[in-house]
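Structure data (compact mmCIF, C-alpha atoms and all ligand atoms) from run.txt:
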```
# COMPACT_ATOMS: atom_id res chain seq x y z
CA MET V 205 -15.02 -40.26 4.73
CA ILE V 206 -12.53 -37.46 4.08
CA THR V 207 -11.31 -36.86 0.53
CA GLY V 208 -8.62 -34.56 -0.85
CA ASN V 209 -11.03 -32.33 -2.72
CA MET V 210 -13.09 -31.53 0.40
CA LYS V 211 -12.79 -27.97 1.67
CA ILE V 212 -10.83 -27.83 4.94
CA THR V 213 -13.74 -26.10 6.62
CA ASP V 214 -16.11 -28.94 5.61
CA VAL V 215 -13.71 -31.49 7.08
CA VAL V 216 -13.84 -29.61 10.42
CA LYS V 217 -17.64 -29.36 10.31
CA ALA V 218 -17.95 -33.12 9.72
CA TYR V 219 -15.07 -34.14 12.00
CA PRO V 220 -14.46 -31.47 14.70
CA GLU V 221 -11.59 -33.57 16.12
CA ALA V 222 -9.62 -32.73 12.97
CA ILE V 223 -8.87 -29.35 14.61
CA GLU V 224 -6.28 -30.97 16.89
CA ILE V 225 -4.51 -32.63 13.95
CA PHE V 226 -4.73 -29.53 11.76
CA ASN V 227 -3.19 -27.46 14.57
CA ASP V 228 -0.29 -29.91 14.87
CA PHE V 229 0.41 -29.82 11.11
CA HIS V 230 -0.22 -26.06 10.69
CA ILE V 231 -3.12 -26.65 8.33
CA ASP V 232 -5.06 -23.40 8.27
CA TYR V 233 -8.72 -24.21 8.89
CA CYS V 234 -9.86 -20.67 9.69
CA CYS V 235 -8.82 -18.06 7.08
CA GLY V 236 -7.57 -20.72 4.63
CA GLY V 237 -10.57 -22.95 5.32
CA LYS V 238 -12.07 -22.47 1.87
CA ASP V 239 -9.13 -24.26 0.23
CA ALA V 240 -9.30 -27.94 -0.71
CA LEU V 241 -7.47 -30.17 1.76
CA GLU V 242 -5.25 -31.58 -0.99
CA ALA V 243 -4.10 -28.10 -2.09
CA ALA V 244 -3.28 -27.08 1.50
CA LEU V 245 -1.28 -30.28 2.03
CA ALA V 246 0.64 -29.75 -1.22
CA GLU V 247 1.53 -26.23 -0.16
CA LEU V 248 2.89 -27.54 3.14
CA GLY V 249 4.84 -30.31 1.37
CA ILE V 250 2.79 -33.08 3.02
CA GLU V 251 2.14 -36.22 0.96
CA SER V 252 -1.63 -36.11 0.61
CA ASN V 253 -2.64 -39.76 -0.01
CA SER V 254 -1.00 -41.21 3.07
CA PHE V 255 -1.99 -38.19 5.22
CA ILE V 256 -5.67 -38.44 4.23
CA GLU V 257 -5.61 -42.21 4.78
CA LEU V 258 -4.24 -41.70 8.29
CA LEU V 259 -6.71 -38.88 8.95
CA ASN V 260 -9.63 -41.13 7.98
CA LYS V 261 -8.41 -43.97 10.17
CA LYS V 262 -7.85 -41.71 13.16
CA LEU V 263 -11.02 -39.64 12.89
CA ILE V 264 -13.44 -42.42 12.08
CA LYS V 265 -11.97 -44.48 14.91
CA SER V 266 -12.27 -41.65 17.42
CA SER V 267 -15.87 -41.05 16.28
CA HIS V 268 -16.20 -37.54 17.71
CA LYS V 269 -14.61 -38.51 21.03
CA SER V 270 -12.04 -35.89 21.84
CA SER V 271 -9.92 -35.12 24.86
CA ASN V 272 -10.93 -31.48 24.40
CA GLY V 273 -14.65 -31.11 25.12
CA GLN V 274 -14.72 -27.62 23.58
CA ILE V 275 -13.98 -28.99 20.12
CA LEU V 276 -17.11 -31.13 20.20
CA ALA V 277 -19.08 -27.91 20.50
CA VAL V 278 -18.88 -27.59 16.68
CA ASP V 279 -21.62 -30.23 16.49
CA HIS V 280 -24.18 -28.21 18.40
CA LEU V 281 -22.99 -24.84 17.03
CA THR V 282 -24.29 -25.76 13.59
CA GLU V 283 -27.77 -26.03 15.12
CA MET V 284 -27.71 -22.57 16.75
CA ASN V 285 -29.45 -19.58 15.20
CA ILE V 286 -27.56 -16.33 14.49
CA THR V 287 -28.33 -14.70 17.85
CA GLU V 288 -27.36 -17.80 19.82
CA LEU V 289 -24.17 -18.21 17.84
CA ILE V 290 -23.17 -14.55 18.37
CA ASP V 291 -23.82 -14.79 22.11
CA TYR V 292 -21.81 -18.03 22.26
CA ILE V 293 -18.85 -16.40 20.44
CA ILE V 294 -18.78 -13.43 22.82
CA ASP V 295 -19.26 -15.52 25.97
CA THR V 296 -16.58 -18.05 25.11
CA HIS V 297 -13.97 -16.80 22.65
CA HIS V 298 -14.03 -13.03 23.27
CA THR V 299 -14.05 -13.48 27.05
CA LYS V 300 -11.29 -16.11 27.09
CA GLU V 301 -9.07 -14.25 24.63
CA ARG V 302 -9.41 -10.92 26.48
CA TYR V 303 -8.27 -12.68 29.65
CA LEU V 304 -5.35 -14.41 27.88
CA LEU V 305 -4.24 -11.17 26.17
CA ALA V 306 -4.00 -9.41 29.54
CA GLU V 307 -2.21 -12.35 31.14
CA ILE V 308 0.30 -12.73 28.29
CA ASP V 309 0.96 -8.99 28.18
CA GLU V 310 2.06 -8.99 31.81
CA LEU V 311 4.12 -12.18 31.53
CA LEU V 312 5.81 -11.13 28.30
CA ASN V 313 6.89 -7.82 29.81
CA LYS V 314 8.52 -9.71 32.69
CA VAL V 315 10.30 -12.15 30.36
CA LEU V 316 11.46 -9.29 28.12
CA LEU V 317 13.09 -7.59 31.06
CA VAL V 318 14.69 -10.68 32.64
CA HIS V 319 15.95 -12.30 29.40
CA TYR V 320 16.66 -9.18 27.33
CA GLU V 321 20.41 -9.68 27.47
CA HIS V 322 20.46 -13.18 25.96
CA HIS V 323 17.20 -13.40 24.01
CA GLN V 324 16.46 -9.94 22.67
CA GLU V 325 16.59 -11.28 19.05
CA GLN V 326 13.50 -13.33 19.81
CA LEU V 327 11.77 -11.29 22.50
CA VAL V 328 11.82 -7.83 20.92
CA PRO V 329 10.11 -8.89 17.65
CA LEU V 330 7.77 -11.15 19.62
CA HIS V 331 6.80 -8.25 21.87
CA GLY V 332 6.03 -6.15 18.78
CA LEU V 333 4.00 -8.88 17.09
CA PHE V 334 2.04 -9.63 20.23
CA SER V 335 1.30 -5.91 20.77
CA ASP V 336 0.01 -5.68 17.19
CA LEU V 337 -2.16 -8.76 17.66
CA ARG V 338 -3.55 -7.50 20.97
CA LYS V 339 -4.45 -4.15 19.41
CA GLU V 340 -6.07 -5.78 16.37
CA LEU V 341 -8.09 -8.23 18.46
CA GLN V 342 -9.26 -5.72 21.07
CA GLU V 343 -10.45 -3.29 18.40
CA HIS V 344 -12.00 -6.12 16.37
CA PHE V 345 -13.95 -7.43 19.40
CA ALA V 346 -15.23 -3.91 20.15
CA LYS V 347 -16.37 -3.47 16.53
CA GLU V 348 -18.16 -6.83 16.56
CA GLU V 349 -19.79 -6.40 19.97
CA LYS V 350 -20.82 -2.75 19.69
CA ALA V 351 -21.61 -2.38 15.99
CA ILE V 352 -21.70 -5.37 13.67
CA PHE V 353 -23.12 -8.16 15.82
CA PRO V 354 -26.08 -6.06 17.09
CA TYR V 355 -26.78 -5.11 13.44
CA MET V 356 -26.57 -8.74 12.31
CA LYS V 357 -28.97 -9.85 15.04
CA LYS V 358 -31.63 -7.45 13.73
CA ASN V 359 -30.99 -7.38 9.98
CA PHE V 360 -30.67 -10.68 8.17
CA ASN V 361 -28.85 -11.00 4.87
CA LYS V 362 -28.80 -7.24 4.22
CA GLU V 363 -26.36 -5.80 1.68
CA LYS V 364 -24.78 -3.57 4.32
CA GLY V 365 -24.43 -6.54 6.66
CA ILE V 366 -22.73 -8.57 3.95
CA ARG V 367 -20.21 -5.71 3.49
CA TYR V 368 -19.59 -5.77 7.24
CA VAL V 369 -18.95 -9.50 7.03
CA LYS V 370 -16.33 -8.95 4.32
CA ASP V 371 -14.59 -6.35 6.56
CA LEU V 372 -14.51 -8.81 9.45
CA GLU V 373 -13.12 -11.56 7.21
CA ASP V 374 -10.31 -9.21 6.10
CA GLU V 375 -9.50 -8.43 9.73
CA HIS V 376 -9.46 -12.16 10.53
CA GLU V 377 -6.95 -12.66 7.77
CA ALA V 378 -4.73 -9.89 9.20
CA ALA V 379 -4.88 -11.54 12.65
CA GLY V 380 -4.15 -14.93 11.06
CA ASN V 381 -1.02 -13.49 9.40
CA LEU V 382 0.22 -12.05 12.70
CA ILE V 383 -0.36 -15.44 14.33
CA LYS V 384 1.74 -17.17 11.65
CA GLU V 385 4.56 -14.70 12.39
CA ILE V 386 4.23 -15.32 16.13
CA THR V 387 4.34 -19.09 15.56
CA ALA V 388 7.55 -18.73 13.53
CA CYS V 389 9.10 -16.23 15.97
CA THR V 390 8.55 -18.58 18.95
CA ASN V 391 9.87 -21.68 17.06
CA ASP V 392 6.39 -23.14 17.25
CA PHE V 393 6.03 -22.16 20.92
CA THR V 394 9.24 -23.89 22.01
CA ALA V 395 11.04 -21.90 24.69
CA PRO V 396 14.87 -21.83 24.64
CA LYS V 397 16.66 -24.36 26.85
CA ASP V 398 17.86 -21.65 29.25
CA GLY V 399 14.39 -20.08 29.43
CA CYS V 400 12.86 -19.87 32.92
CA ALA V 401 9.44 -21.18 33.99
CA THR V 402 7.83 -17.82 33.09
CA TYR V 403 9.37 -17.99 29.59
CA ARG V 404 7.81 -21.44 29.10
CA LEU V 405 4.52 -20.30 30.61
CA VAL V 406 4.18 -17.30 28.30
CA PHE V 407 4.81 -19.55 25.27
CA GLN V 408 2.20 -22.01 26.55
CA LYS V 409 -0.33 -19.18 27.03
CA LEU V 410 0.44 -17.80 23.57
CA GLN V 411 -0.22 -21.23 22.06
CA GLU V 412 -3.48 -21.46 24.00
CA LEU V 413 -4.47 -18.03 22.65
CA VAL V 414 -3.59 -18.98 19.07
CA LYS V 415 -5.63 -22.20 19.20
CA ASP V 416 -8.61 -20.31 20.57
CA VAL V 417 -8.35 -17.57 17.94
CA TYR V 418 -8.23 -20.19 15.15
CA ASN V 419 -11.30 -21.91 16.54
CA HIS V 420 -12.99 -18.52 16.97
CA ILE V 421 -12.28 -17.41 13.38
CA PHE V 422 -13.48 -20.77 12.07
CA THR V 423 -16.75 -20.35 14.01
CA GLU V 424 -17.32 -16.88 12.53
CA ASN V 425 -16.07 -17.45 8.96
CA SER V 426 -17.46 -20.93 8.44
CA LEU V 427 -20.56 -21.13 10.63
CA LEU V 428 -21.87 -17.66 11.50
CA PHE V 429 -21.21 -15.73 8.27
CA PRO V 430 -22.57 -18.37 5.82
CA LYS V 431 -25.68 -18.62 8.02
CA TYR V 432 -26.07 -14.82 7.93
CA GLU V 433 -25.46 -14.55 4.19
CA GLY V 434 -27.96 -17.34 3.62
CA GLY V 435 -30.53 -15.32 5.55
CA ILE V 436 -31.16 -18.14 8.01
CA GLU V 437 -32.77 -16.69 11.13
CA SER V 438 -33.03 -19.89 13.10
FE FE V 501 -15.25 -12.53 17.23
FE FE V 502 -14.18 -11.83 14.30
```

Would you encode the structure as structure tokens?
Ligand SMILES: [Fe+2]
Ligand SMILES: [Fe+2]
Amino acid sequence: MITGNMKITDVVKAYPEAIEIFNDFHIDYCCGGKDALEAALAELGIESNSFIELLNKKLIKSSHKSSNGQILAVDHLTEMNITELIDYIIDTHHTKERYLLAEIDELLNKVLLVHYEHHQEQLVPLHGLFSDLRKELQEHFAKEEKAIFPYMKKNFNKEKGIRYVKDLEDEHEAAGNLIKEITACTNDFTAPKDGCATYRLVFQKLQELVKDVYNHIFTENSLLFPKYEGGIES
């Protein structure tokens, strides 16, 4: 049973299918996941009682059956130890996002060139925001894979490791802010009516990237880091 004073992150842990609904309503379950659901709804101007009632009906009815099999992974992620969770994050999220970043980069350059004349107001800032996000994510992945994750695998709940975690959380927040700007800049990933198939495709890929990054940040901030800070080895 979901209540308004539950933390958003706890709602997702108990009901992984909530991710789909939270994405649709722009409820931040990764960097803003420590907020109470009620407070996040108030900030978005959503009437909390009826929303929570609907959420309960929908989620309890679906009983962890989702069209997206990946979301159900939250259930078994909570049972993984730190090493398993780190390997899972690299194998799934880092790999997928690296691929999407390269794909979007190429597509966005094409769209920028073809539609510059009529859509430069949207495409130039979008190109800048995407370039910033790509840079941030690529450097962040390298830092995690080459420095912080190997340290975390060997040193549990160490003061230095906890400082590293704080650094990563700050970088997640910076990526989350860029994503909010990208969402606004693309009109929530809605291509203009005169946009070609590539324009629509790049928006679709961007949305896919954003959903994966949110899920990724949630897995690190809400599952991996608390486990590390709690000194749980397995
Ligand atoms: Fe990561
Ligand atoms: Fe990260």

Problem set entry | Near-Ile383 of chain V list (7 Å; all atoms listed in the file; drop same-chain fewer than 4 positions) as a list in words | Ala379, Thr387 and Val414 of chain V

For this session: Could you give me, as a list in words, every polymer residue with an atom at most 8 Å away from an atom of ligand FE 502 (chain V), counting all atoms listed in the file?
Result: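 Taking all atoms listed in the file into account, the residues around ligand FE 502 (chain V) at most 8 Å away are His344, Phe345, Glu348, Leu372, Glu373, Glu375, His376, His420, Ile421, Glu424 and Asn425 of chain V.
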
Select all residues near (-10.6, -35.0, 1.4) (cut-off 7 Å, inclusive, file coordinates), counting all atoms listed in the file, and output them as a tab-separated table (two decimals) with C-alpha atoms, in the coordinates of the input.
```
chain	number	residue	atom	x	y	z
V	206	ILE	CA	-12.53	-37.46	4.08
V	207	THR	CA	-11.31	-36.86	0.53
V	208	GLY	CA	-8.62	-34.56	-0.85
V	209	ASN	CA	-11.03	-32.33	-2.72
V	210	MET	CA	-13.09	-31.53	0.40
V	241	LEU	CA	-7.47	-30.17	1.76
V	242	GLU	CA	-5.25	-31.58	-0.99
V	256	ILE	CA	-5.67	-38.44	4.23
```

For this session: Skip segment 315-330 of chain V itself and residues of its chain fewer than 5 positions away, then list as a list of chain:residue names all residues within 8 Å of it, counting all atoms listed in the file.
Result: V:Ile386, V:Cys389, V:Thr390, V:Gly399, V:Thr402, V:Tyr403

Expected file contents, prior selection, C-alpha atoms, as a tab-separated table (two decimals), in the coordinates of the input:
```tsv
chain	number	residue	atom	x	y	z
V	386	ILE	CA	4.23	-15.32	16.13
V	389	CYS	CA	9.10	-16.23	15.97
V	390	THR	CA	8.55	-18.58	18.95
V	399	GLY	CA	14.39	-20.08	29.43
V	402	THR	CA	7.83	-17.82	33.09
V	403	TYR	CA	9.37	-17.99	29.59
```

Problem set entry | Point-to-point distance from atom CA of Lys384 of chain V to atom CA of Asn419 of chain V, Å rounded to tenths | 14.7 Å

For this session: Produce as a VMD selection string the set of residues near ligand FE 501 (chain V), where near means within 12 Å with only C-alpha atoms and all ligand atoms considered.
Result: chain V and resid 289 to 302 340 to 350 352 to 353 369 372 to 373 375 to 376 379 416 to 425 428 to 429

Problem set entry | Point-to-point distance from atom CA of Lys397 of chain V to atom CA of Phe226 of chain V, Å rounded to tenths | 26.7 Å

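The coordinates place atom CA of Phe229 of chain V at 8.7 Å from atom CA of Leu248 of chain V.
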
Problem set entry | Distance query 9 Å from (-12.4, -23.4, 4.3) using all atoms listed in the file, result as a list in words | Lys211, Ile212, Thr213, Asp214, Val215, Val216, Asp232, Tyr233, Cys234, Cys235, Gly236, Gly237, Lys238, Asp239, Ala240, Leu241, Phe422, Asn425 and Ser426 of chain V
